[in-house]
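Text of input22.cif, listed as mmCIF, C-alpha atoms and all ligand atoms:
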```cif
data_protein
#
loop_
_atom_site.label_atom_id
_atom_site.label_comp_id
_atom_site.auth_asym_id
_atom_site.auth_seq_id
_atom_site.Cartn_x
_atom_site.Cartn_y
_atom_site.Cartn_z
CA MET A 1 -21.71 109.30 -76.05
CA ARG A 2 -19.03 111.17 -77.97
CA THR A 3 -20.06 114.46 -76.30
CA ARG A 4 -19.78 112.87 -72.83
CA LYS A 5 -16.29 111.61 -73.70
CA ILE A 6 -15.16 115.08 -74.82
CA ILE A 7 -16.58 116.66 -71.63
CA PHE A 8 -14.76 114.03 -69.50
CA GLN A 9 -11.47 114.72 -71.28
CA LEU A 10 -11.94 118.47 -70.81
CA ILE A 11 -12.56 118.01 -67.08
CA LEU A 12 -9.51 115.74 -66.77
CA THR A 13 -7.31 118.29 -68.57
CA LEU A 14 -8.54 121.08 -66.27
CA VAL A 15 -7.88 118.96 -63.17
CA LEU A 16 -4.34 118.12 -64.34
CA LEU A 17 -3.61 121.74 -65.27
CA ASN A 18 -4.86 122.93 -61.90
CA ALA A 19 -2.98 120.26 -59.97
CA GLY A 20 0.12 120.90 -62.02
CA SER A 21 0.26 124.56 -61.16
CA TYR A 22 -0.43 124.41 -57.42
CA VAL A 23 3.18 124.40 -56.24
CA HIS A 24 4.36 127.22 -58.38
CA ALA A 25 1.26 129.35 -58.30
CA GLN A 26 2.01 130.27 -54.69
CA THR A 27 5.16 132.31 -55.28
CA GLN A 28 6.30 132.33 -58.91
CA LYS A 29 9.84 132.02 -57.58
CA PRO A 30 12.23 129.52 -59.18
CA LEU A 31 11.35 126.04 -57.97
CA VAL A 32 14.23 123.98 -56.52
CA VAL A 33 13.31 120.34 -55.99
CA SER A 34 15.42 118.13 -53.72
CA THR A 35 14.95 114.42 -53.15
CA ALA A 36 14.98 114.61 -49.33
CA SER A 37 14.04 117.16 -46.64
CA ILE A 38 17.65 117.48 -45.41
CA PHE A 39 18.73 118.88 -48.77
CA SER A 40 15.71 121.16 -49.24
CA ASP A 41 16.52 122.67 -45.83
CA MET A 42 20.10 123.35 -46.97
CA VAL A 43 18.67 125.08 -50.05
CA SER A 44 16.42 127.22 -47.84
CA ALA A 45 19.40 128.18 -45.66
CA ILE A 46 21.52 129.28 -48.63
CA ALA A 47 18.88 130.73 -50.95
CA ASP A 48 16.67 132.09 -48.17
CA THR A 49 13.53 133.47 -49.81
CA LEU A 50 14.94 133.65 -53.33
CA VAL A 51 13.53 130.28 -54.36
CA GLU A 52 10.71 127.89 -53.55
CA SER A 53 12.44 124.85 -52.03
CA VAL A 54 10.55 121.57 -51.89
CA SER A 55 11.40 117.98 -51.10
CA ILE A 56 10.02 114.98 -52.97
CA VAL A 57 10.13 112.61 -49.98
CA PRO A 58 8.04 114.16 -47.21
CA ILE A 59 9.34 114.67 -43.66
CA GLY A 60 9.38 111.32 -41.86
CA GLY A 61 9.48 109.36 -45.13
CA ASP A 62 12.20 106.87 -45.97
CA PRO A 63 14.02 107.88 -49.18
CA HIS A 64 15.60 104.42 -49.58
CA ILE A 65 12.24 102.77 -50.25
CA TYR A 66 10.18 105.74 -51.43
CA GLU A 67 7.59 105.15 -54.12
CA PRO A 68 7.05 108.25 -56.29
CA THR A 69 3.53 109.60 -56.73
CA PRO A 70 1.76 111.57 -59.51
CA ARG A 71 2.36 114.68 -57.36
CA ASP A 72 6.13 114.17 -57.75
CA VAL A 73 5.80 114.05 -61.53
CA ARG A 74 3.88 117.35 -61.50
CA ILE A 75 6.49 118.98 -59.26
CA LEU A 76 9.42 117.78 -61.37
CA ILE A 77 7.83 119.10 -64.57
CA GLN A 78 7.80 122.57 -63.01
CA ALA A 79 11.26 122.36 -61.44
CA ASP A 80 13.92 124.92 -62.37
CA LEU A 81 16.63 122.95 -60.57
CA ILE A 82 16.72 119.35 -59.32
CA LEU A 83 19.11 118.24 -56.54
CA GLN A 84 19.91 114.65 -55.68
CA ASN A 85 22.31 112.95 -53.25
CA GLY A 86 23.55 110.13 -55.47
CA PHE A 87 25.61 107.24 -53.98
CA THR A 88 22.54 105.00 -54.62
CA PHE A 89 20.44 106.89 -52.07
CA GLU A 90 17.48 107.53 -54.36
CA GLY A 91 17.38 104.55 -56.71
CA TRP A 92 13.93 105.60 -57.91
CA MET A 93 15.05 109.09 -59.01
CA TYR A 94 16.48 108.23 -62.44
CA ALA A 95 13.22 106.68 -63.66
CA LEU A 96 11.16 109.46 -62.10
CA ILE A 97 13.11 112.20 -63.90
CA LYS A 98 13.00 110.26 -67.17
CA ASN A 99 9.29 109.46 -66.99
CA SER A 100 8.24 112.92 -65.83
CA GLY A 101 9.81 114.63 -68.83
CA ALA A 102 11.51 117.14 -66.50
CA THR A 103 13.95 119.43 -68.29
CA ALA A 104 15.61 121.21 -65.34
CA PRO A 105 19.32 120.64 -64.69
CA VAL A 106 19.99 117.77 -62.28
CA VAL A 107 22.85 118.36 -59.81
CA THR A 108 24.40 115.64 -57.63
CA ILE A 109 25.29 117.45 -54.44
CA THR A 110 27.78 114.87 -53.10
CA GLU A 111 30.18 115.78 -55.93
CA GLY A 112 33.68 115.92 -54.40
CA ILE A 113 32.99 113.55 -51.48
CA THR A 114 34.76 110.19 -51.45
CA PRO A 115 32.10 107.59 -50.66
CA ILE A 116 32.50 104.96 -47.97
CA THR A 117 31.91 101.43 -49.19
CA SER A 118 30.05 99.17 -46.82
CA GLU A 119 32.22 96.57 -45.06
CA ALA A 120 29.32 94.29 -44.25
CA HIS A 121 27.58 94.54 -47.63
CA GLN A 122 29.83 94.24 -50.67
CA ASN A 123 29.51 96.68 -53.59
CA ALA A 124 27.21 98.90 -51.53
CA THR A 125 28.06 102.61 -51.42
CA ASP A 126 27.11 104.37 -48.23
CA PRO A 127 24.92 107.35 -49.20
CA HIS A 128 24.76 109.02 -45.75
CA ALA A 129 27.55 111.53 -46.36
CA TRP A 130 25.47 114.43 -44.93
CA MET A 131 25.57 112.93 -41.44
CA GLU A 132 28.67 114.91 -40.51
CA PRO A 133 28.93 118.67 -41.09
CA VAL A 134 32.31 118.78 -42.81
CA ASN A 135 30.73 116.81 -45.63
CA GLY A 136 27.77 119.14 -45.11
CA LYS A 137 30.07 121.94 -46.24
CA VAL A 138 30.64 120.13 -49.55
CA TYR A 139 26.88 119.79 -49.98
CA ALA A 140 26.50 123.51 -49.22
CA THR A 141 29.18 124.46 -51.75
CA ASN A 142 27.57 122.36 -54.51
CA ILE A 143 24.16 123.82 -53.70
CA LYS A 144 25.55 127.38 -53.71
CA LYS A 145 27.11 126.86 -57.16
CA ALA A 146 23.85 125.44 -58.53
CA LEU A 147 21.85 128.34 -57.07
CA ILE A 148 24.21 130.95 -58.54
CA ALA A 149 23.93 129.25 -61.94
CA LEU A 150 20.15 129.48 -61.55
CA LEU A 151 20.10 133.09 -60.25
CA PRO A 152 23.35 134.76 -61.40
CA ASP A 153 22.08 138.27 -60.59
CA ARG A 154 21.57 137.19 -56.93
CA GLN A 155 25.13 135.95 -56.48
CA ILE A 156 26.06 138.45 -53.73
CA GLN A 157 23.07 137.52 -51.56
CA ILE A 158 23.58 133.79 -52.10
CA GLU A 159 27.30 134.08 -51.28
CA ALA A 160 26.53 136.00 -48.06
CA ASN A 161 24.02 133.37 -46.89
CA TYR A 162 26.43 130.59 -47.86
CA ASN A 163 29.31 132.16 -45.90
CA GLN A 164 27.13 132.42 -42.80
CA TYR A 165 26.02 128.81 -43.23
CA MET A 166 29.63 127.65 -43.53
CA ILE A 167 30.46 129.37 -40.22
CA GLU A 168 27.56 127.52 -38.56
CA LEU A 169 28.70 124.19 -40.02
CA GLU A 170 32.22 124.84 -38.76
CA ALA A 171 30.88 125.59 -35.26
CA LEU A 172 28.75 122.43 -35.36
CA ASP A 173 31.80 120.32 -36.22
CA GLN A 174 33.62 121.81 -33.22
CA TYR A 175 30.60 121.19 -30.96
CA ILE A 176 30.37 117.51 -31.98
CA ARG A 177 34.11 116.96 -31.52
CA GLU A 178 34.00 118.40 -27.98
CA ARG A 179 30.93 116.38 -27.00
CA ILE A 180 32.19 113.07 -28.38
CA ASN A 181 35.60 113.67 -26.78
CA SER A 182 33.83 113.86 -23.41
CA LEU A 183 33.08 110.12 -23.79
CA PRO A 184 35.82 107.65 -22.85
CA PRO A 185 36.93 105.81 -26.03
CA ALA A 186 35.52 102.50 -24.70
CA LYS A 187 32.03 104.02 -24.58
CA ARG A 188 32.04 105.14 -28.22
CA VAL A 189 29.96 102.31 -29.69
CA LEU A 190 26.77 103.11 -31.54
CA ILE A 191 24.16 100.47 -32.42
CA THR A 192 21.38 101.61 -34.76
CA SER A 193 18.73 100.13 -37.05
CA HIS A 194 20.60 100.80 -40.29
CA ASP A 195 24.14 101.83 -41.27
CA SER A 196 23.60 105.58 -41.46
CA PHE A 197 26.35 106.86 -39.15
CA HIS A 198 29.57 105.63 -40.81
CA TYR A 199 30.65 109.08 -42.07
CA TYR A 200 29.86 110.51 -38.64
CA GLY A 201 31.67 107.65 -36.87
CA GLN A 202 34.67 107.89 -39.16
CA ARG A 203 35.07 111.61 -38.46
CA TYR A 204 34.55 111.56 -34.69
CA GLY A 205 35.92 108.13 -33.78
CA ILE A 206 32.82 106.08 -33.02
CA ARG A 207 32.41 102.39 -33.73
CA LEU A 208 29.20 101.54 -35.60
CA GLU A 209 27.07 98.43 -35.67
CA SER A 210 23.61 98.08 -37.20
CA LEU A 211 20.94 95.53 -37.96
CA LEU A 212 20.57 96.53 -41.61
CA GLY A 213 23.12 97.64 -44.19
CA THR A 214 23.38 101.10 -45.73
CA SER A 215 19.87 100.83 -47.15
CA THR A 216 16.56 99.85 -45.60
CA ASP A 217 15.19 97.94 -48.59
CA ALA A 218 16.22 94.53 -47.21
CA ASP A 219 14.85 92.37 -44.43
CA VAL A 220 16.81 91.83 -41.25
CA ARG A 221 18.50 88.43 -41.41
CA THR A 222 18.86 86.05 -38.46
CA SER A 223 22.64 86.29 -38.93
CA ASP A 224 22.41 90.11 -38.47
CA ILE A 225 20.54 89.70 -35.18
CA MET A 226 23.08 87.14 -33.98
CA ARG A 227 25.96 89.43 -34.94
CA ILE A 228 24.43 92.36 -33.01
CA ASN A 229 23.68 90.15 -29.97
CA LYS A 230 27.33 89.06 -29.98
CA VAL A 231 28.60 92.66 -30.17
CA ILE A 232 26.30 93.70 -27.31
CA LYS A 233 27.40 90.81 -25.08
CA GLU A 234 31.12 90.99 -25.85
CA ASN A 235 31.29 94.75 -25.33
CA LYS A 236 28.70 94.93 -22.52
CA ILE A 237 26.82 97.55 -24.54
CA PRO A 238 23.96 98.94 -22.44
CA VAL A 239 21.99 100.90 -25.02
CA VAL A 240 20.84 100.91 -28.67
CA PHE A 241 19.40 103.79 -30.71
CA ILE A 242 16.27 103.72 -32.86
CA GLU A 243 15.83 105.94 -35.96
CA SER A 244 12.96 108.24 -36.81
CA THR A 245 12.26 106.82 -40.30
CA ILE A 246 12.58 103.12 -39.45
CA ASN A 247 10.17 100.82 -37.63
CA PRO A 248 11.84 100.30 -34.22
CA LYS A 249 10.18 96.92 -33.57
CA MET A 250 13.18 94.74 -34.41
CA LEU A 251 15.72 96.85 -32.51
CA LYS A 252 13.41 97.04 -29.49
CA GLN A 253 13.24 93.25 -29.56
CA VAL A 254 17.04 93.05 -29.63
CA ALA A 255 17.19 95.44 -26.64
CA GLU A 256 14.61 93.36 -24.77
CA ASP A 257 16.39 90.05 -25.49
CA ASN A 258 19.66 91.49 -24.20
CA HIS A 259 18.03 93.27 -21.22
CA ILE A 260 19.38 96.65 -22.32
CA SER A 261 17.73 100.04 -23.00
CA ILE A 262 16.81 102.29 -25.90
CA GLY A 263 19.17 105.28 -25.70
CA GLY A 264 16.98 107.62 -27.75
CA SER A 265 15.76 108.35 -31.26
CA LEU A 266 18.14 109.53 -33.99
CA TYR A 267 17.39 111.30 -37.27
CA SER A 268 19.29 110.16 -40.34
CA ASP A 269 17.34 110.09 -43.63
CA SER A 270 14.81 112.81 -42.88
CA LEU A 271 14.40 115.92 -40.77
CA GLY A 272 11.85 115.82 -37.96
CA ASP A 273 8.71 117.94 -38.05
CA LYS A 274 8.88 121.65 -37.17
CA ASP A 275 8.36 121.09 -33.43
CA SER A 276 11.04 118.40 -33.20
CA PRO A 277 14.68 118.94 -32.17
CA ALA A 278 15.63 118.02 -35.76
CA ASN A 279 13.63 120.65 -37.64
CA THR A 280 16.67 121.82 -39.65
CA TYR A 281 19.79 120.06 -40.88
CA LEU A 282 21.97 121.87 -38.32
CA ASN A 283 19.57 121.03 -35.49
CA MET A 284 19.29 117.43 -36.67
CA VAL A 285 23.05 116.80 -36.48
CA ARG A 286 23.27 118.60 -33.13
CA SER A 287 20.32 116.63 -31.72
CA ASN A 288 21.83 113.32 -32.86
CA THR A 289 25.07 114.20 -31.06
CA ASP A 290 23.26 115.12 -27.84
CA VAL A 291 21.15 111.93 -27.92
CA ILE A 292 24.21 109.72 -28.58
CA VAL A 293 26.43 111.33 -25.92
CA ASN A 294 23.67 111.54 -23.29
CA GLY A 295 22.48 107.99 -24.00
CA LEU A 296 25.95 106.48 -23.75
CA THR A 297 26.95 108.59 -20.73
CA LEU A 298 23.88 107.67 -18.69
CA ALA A 299 23.60 104.04 -19.62
CA PHE A 300 27.09 102.65 -19.75
CA PRO A 301 27.96 100.36 -16.79
CA ILE A 302 30.58 101.40 -14.27
CA SER A 303 34.06 100.80 -15.67
CA THR A 304 36.65 98.57 -13.97
CA ASP A 305 38.38 101.65 -12.62
CA ASP A 306 35.09 103.00 -11.29
CA GLN A 307 34.37 99.63 -9.67
CA ALA A 308 37.81 99.68 -8.00
CA ASP A 309 37.08 103.18 -6.70
CA THR A 310 33.68 102.07 -5.42
CA SER A 311 35.22 99.04 -3.66
CA SER A 312 37.88 101.11 -1.91
CA ARG A 313 35.21 103.64 -0.82
CA THR A 314 33.14 100.81 0.67
CA VAL A 315 36.17 99.43 2.57
CA MET A 316 36.94 102.93 3.90
CA ILE A 317 33.33 103.48 5.11
CA LEU A 318 33.26 100.04 6.80
CA GLY A 319 36.62 100.79 8.46
CA ILE A 320 35.42 104.12 9.86
CA GLY A 321 32.22 102.45 11.07
CA PHE A 322 34.18 99.73 12.84
CA CYS A 323 36.47 102.28 14.55
CA LEU A 324 33.48 104.31 15.79
CA PHE A 325 31.83 101.16 17.10
CA ALA A 326 35.04 100.10 18.93
CA LEU A 327 35.42 103.57 20.45
CA ALA A 328 31.80 103.57 21.68
CA PHE A 329 32.25 100.07 23.11
CA TYR A 330 35.48 101.14 24.87
CA ILE A 331 33.79 104.19 26.45
CA TRP A 332 30.80 102.12 27.55
CA ARG A 333 33.05 99.46 29.16
CA LYS A 334 35.17 102.09 30.89
CA ARG A 335 32.09 103.80 32.40
CA LEU A 336 30.66 100.44 33.49
CA PHE A 337 33.78 99.47 35.42
CA THR A 338 34.33 102.99 36.80
CA VAL A 339 30.85 102.89 38.32
ZN ZN A 401 19.57 105.66 -44.73
#
```

Represent the structure from my file as structure tokens, please.
Amino acid sequence: MRTRKIIFQLILTLVLLNAGSYVHAQTQKPLVVSTASIFSDMVSAIADTLVESVSIVPIGGDPHIYEPTPRDVRILIQADLILQNGFTFEGWMYALIKNSGATAPVVTITEGITPITSEAHQNATDPHAWMEPVNGKVYATNIKKALIALLPDRQIQIEANYNQYMIELEALDQYIRERINSLPPAKRVLITSHDSFHYYGQRYGIRLESLLGTSTDADVRTSDIMRINKVIKENKIPVVFIESTINPKMLKQVAEDNHISIGGSLYSDSLGDKDSPANTYLNMVRSNTDVIVNGLTLAFPISTDDQADTSSRTVMILGIGFCLFALAFYIWRKRLFTV
């Protein structure tokens, strides 16, 4: 019996050792662990191939309600650097780091960003600072500093990648501004499943409404649905937007009840898979902008001015038609009496 117990313990130890080494055994590069795929992509952009960059929450997962697994513990034990968003985004992270026994430095990459506090939900800090690329530049700067501290002899390469990334973020900001400015101010209303676009809306002048607050760990209340229905009716909003990490059932029901459409799918708390339009952070923000602008442009009803234009066009066409008819009648009468 005792021998069997020893053999079992030996097997278990071997399994754990093997499982524990699988991430790192591939490259032997420093392991940088981020909580979400958006941040691990930023690390890949700035560090390029210098590190192994992994995300705890897989692509398509919801970091607000994520439940850590034994795999996460094994990854954190091996981490050389741990990056988190903060602003209550990953409530599970503190316990995970503590329980895993991880010893790597933990860097909060929103350092320097002033958080937005939720208007609808008191004492709630909005974690979605990455949703607009000027904040993205702060993330990139914090990540660059952490990477240089990890790999000081690679500073030149990291700085060069970072500078290039900053240029791309700058260009993205300009792109979004131009696209949003193409929408008349009255059309700039965005209804989503949860409050993930406040930083984006604040920067580019878009009004936001959502079913849930800044997190997804609560149920939708009847009062929330009534509030959204009221906003849709009062503002004649023709379109709502679902999100890739959130079950769209409730928002689809709202759209159906109000006889309006789904404008498209947005990415907020996770990148999309590699074949999606949101396969990197830069592409994700660009794709969101295109979906929002295209959705609102196509779906919004004709404005009062447009209706006035349409009415005057109709009157003009009817007038021309009447004149042609009168002319034809006159010619016909004239011929009749001439004969
Ligand atoms: Zn979120």

Check: If you measure from atom CA of A:Asn135 to atom CA of A:Leu169, what distance in Å do you get, rounded to one decimal?
Finding: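 Between these atoms lies a distance of 9.5 Å.
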
Next item on the list: Find the residues near A:Val107: any atom within 9 Å, counting only C-alpha atoms, skip ones fewer than 2 places away on the same chain, and give them as an NGL selection string.
Entry: :A and (81-85 or 105 or 109 or 111 or 142-143 or 146)

Next item on the list: Could I get the residue neighbourhood of ligand ZN 401 (chain A) at 8 Å, counting all atoms listed in the file, as a list in words?
Entry: Asp62, Pro63, His64, Phe89, Pro127, His128, His194, Asp195, Ser196, Thr214, Ser215, Thr216, Ser268 and Asp269 of chain A

Notebook entry, point to check: With all atoms listed in the file as the atoms that count, which of A:Pro133, A:Gly86, A:Pro68, A:Pro152 lies nearest to A:Leu50?
Noted result: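 Looking only at the distances to A:Leu50, the closest residue turns out to be A:Pro152.
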
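Take atom CA of A:Lys187 and atom CA of A:Gly205: the distance between them is 10.8 Å.
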
Next item on the list: Can you work out the spacing between atom CA of A:Ile38 and atom CA of A:Gly101 in Å, to one decimal?
Entry: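 Result for atom CA of A:Ile38 versus atom CA of A:Gly101: 24.9 Å, one decimal.
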
Notebook entry, point to check: With all atoms listed in the file as the basis for distance, which of A:Tyr162, A:Phe325, A:Phe87, A:Tyr204 is at the shortest distance from A:Arg177?
Noted result: A:Tyr204

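Residue nearest A:Arg286 within the list A:Lys98, A:Ile246, A:Tyr200, A:Lys233: A:Tyr200 [criterion: smallest interatomic distance, only C-alpha atoms].
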
Centre and edge lengths, as lines of an AutoDock Vina configuration file, for the axis-aligned box enclosing every listed atom of stretch 51-65 of chain A with 3 Å of padding on each of the six sides, in Å to one decimal?
```
center_x = 11.8
center_y = 116.5
center_z = -48.1
size_x = 13.6
size_y = 33.5
size_z = 18.5
```

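Comparing the minimum interatomic distances between A:Glu243 and each of A:Asn288, A:Thr35, A:Gln164, A:Asn229, counting only C-alpha atoms, we find that A:Asn288 sits nearest.
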
Next item on the list: May I have the residues at most 12 Å from (34.4, 122.5, -40.7) in the file's coordinates, counting all atoms listed in the file, as a ChimeraX atom specification?
Entry: /A:132-138,140,165-177,203

Check: Counting all atoms listed in the file, which of A:Gln28, A:Ser37, A:Asn99, A:Ser270 gets nearest to A:Gln78?
Finding: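 With all atoms listed in the file as the atom set, the closest residue is A:Gln28.
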
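Considering all atoms listed in the file, the residue among A:Thr280, A:Ser193, A:Thr222, A:Asn235 positioned nearest to A:Leu266 is A:Ser193.
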
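The neighbours of stretch 290-292 of chain A here are the residues that come within 9 Å of it, using only C-alpha atoms and leaving out any residue fewer than 2 positions away in the same chain; they are Ile176, Arg179, Ile180, Leu190, Phe241, Gly263, Gly264, Ser265, Leu266, Val285, Arg286, Ser287, Asn288, Asn294, Gly295, Leu296 and Thr297 of chain A.
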
Next item on the list: Find the residues near stretch 155-157 of chain A: any atom within 12 Å, counting only C-alpha atoms, skip ones fewer than 3 places away on the same chain, and give them as a PyMOL selection string.
Entry: chain A and resi 45-50+144-152+160-164

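Residues of protein, DNA or RNA having at least one counted atom within 10 Å of (8.7, 105.6, -55.1), given all atoms listed in the file, are Ile56, Val57, Asp62, Pro63, His64, Ile65, Tyr66, Glu67, Pro68, Thr69, Asp72, Glu90, Gly91, Trp92, Met93, Ala95 and Leu96 of chain A.
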
Check: Any idea what's packed within 12 Å of A:Gln253, counting all atoms listed in the file, ignoring anything in its chain fewer than 4 positions away? Could you give it as a ChimeraX atom specification?
Finding: /A:193,211,225,228-229,240,242,247-249,257-262

Notebook entry, point to check: So which residues touch A:Val231 within 12 Å, counting all atoms listed in the file, skipping near sequence neighbours fewer than 5 positions away, as a list in words?
Noted result: Val189, Leu190, Ile191, Arg207, Leu208, Glu209, Ser210, Leu211, Asp224, Ile225, Met226, Lys236, Ile237, Pro238, Val239, Val240, Val254 and Asn258 of chain A

Now that the selection is made, can you save its residues with C-alpha atoms as a CSV table (one decimal), keeping the file's coordinate frame?
```
chain,number,residue,atom,x,y,z
A,189,VAL,CA,30.0,102.3,-29.7
A,190,LEU,CA,26.8,103.1,-31.5
A,191,ILE,CA,24.2,100.5,-32.4
A,207,ARG,CA,32.4,102.4,-33.7
A,208,LEU,CA,29.2,101.5,-35.6
A,209,GLU,CA,27.1,98.4,-35.7
A,210,SER,CA,23.6,98.1,-37.2
A,211,LEU,CA,20.9,95.5,-38.0
A,224,ASP,CA,22.4,90.1,-38.5
A,225,ILE,CA,20.5,89.7,-35.2
A,226,MET,CA,23.1,87.1,-34.0
A,236,LYS,CA,28.7,94.9,-22.5
A,237,ILE,CA,26.8,97.6,-24.5
A,238,PRO,CA,24.0,98.9,-22.4
A,239,VAL,CA,22.0,100.9,-25.0
A,240,VAL,CA,20.8,100.9,-28.7
A,254,VAL,CA,17.0,93.0,-29.6
A,258,ASN,CA,19.7,91.5,-24.2
```
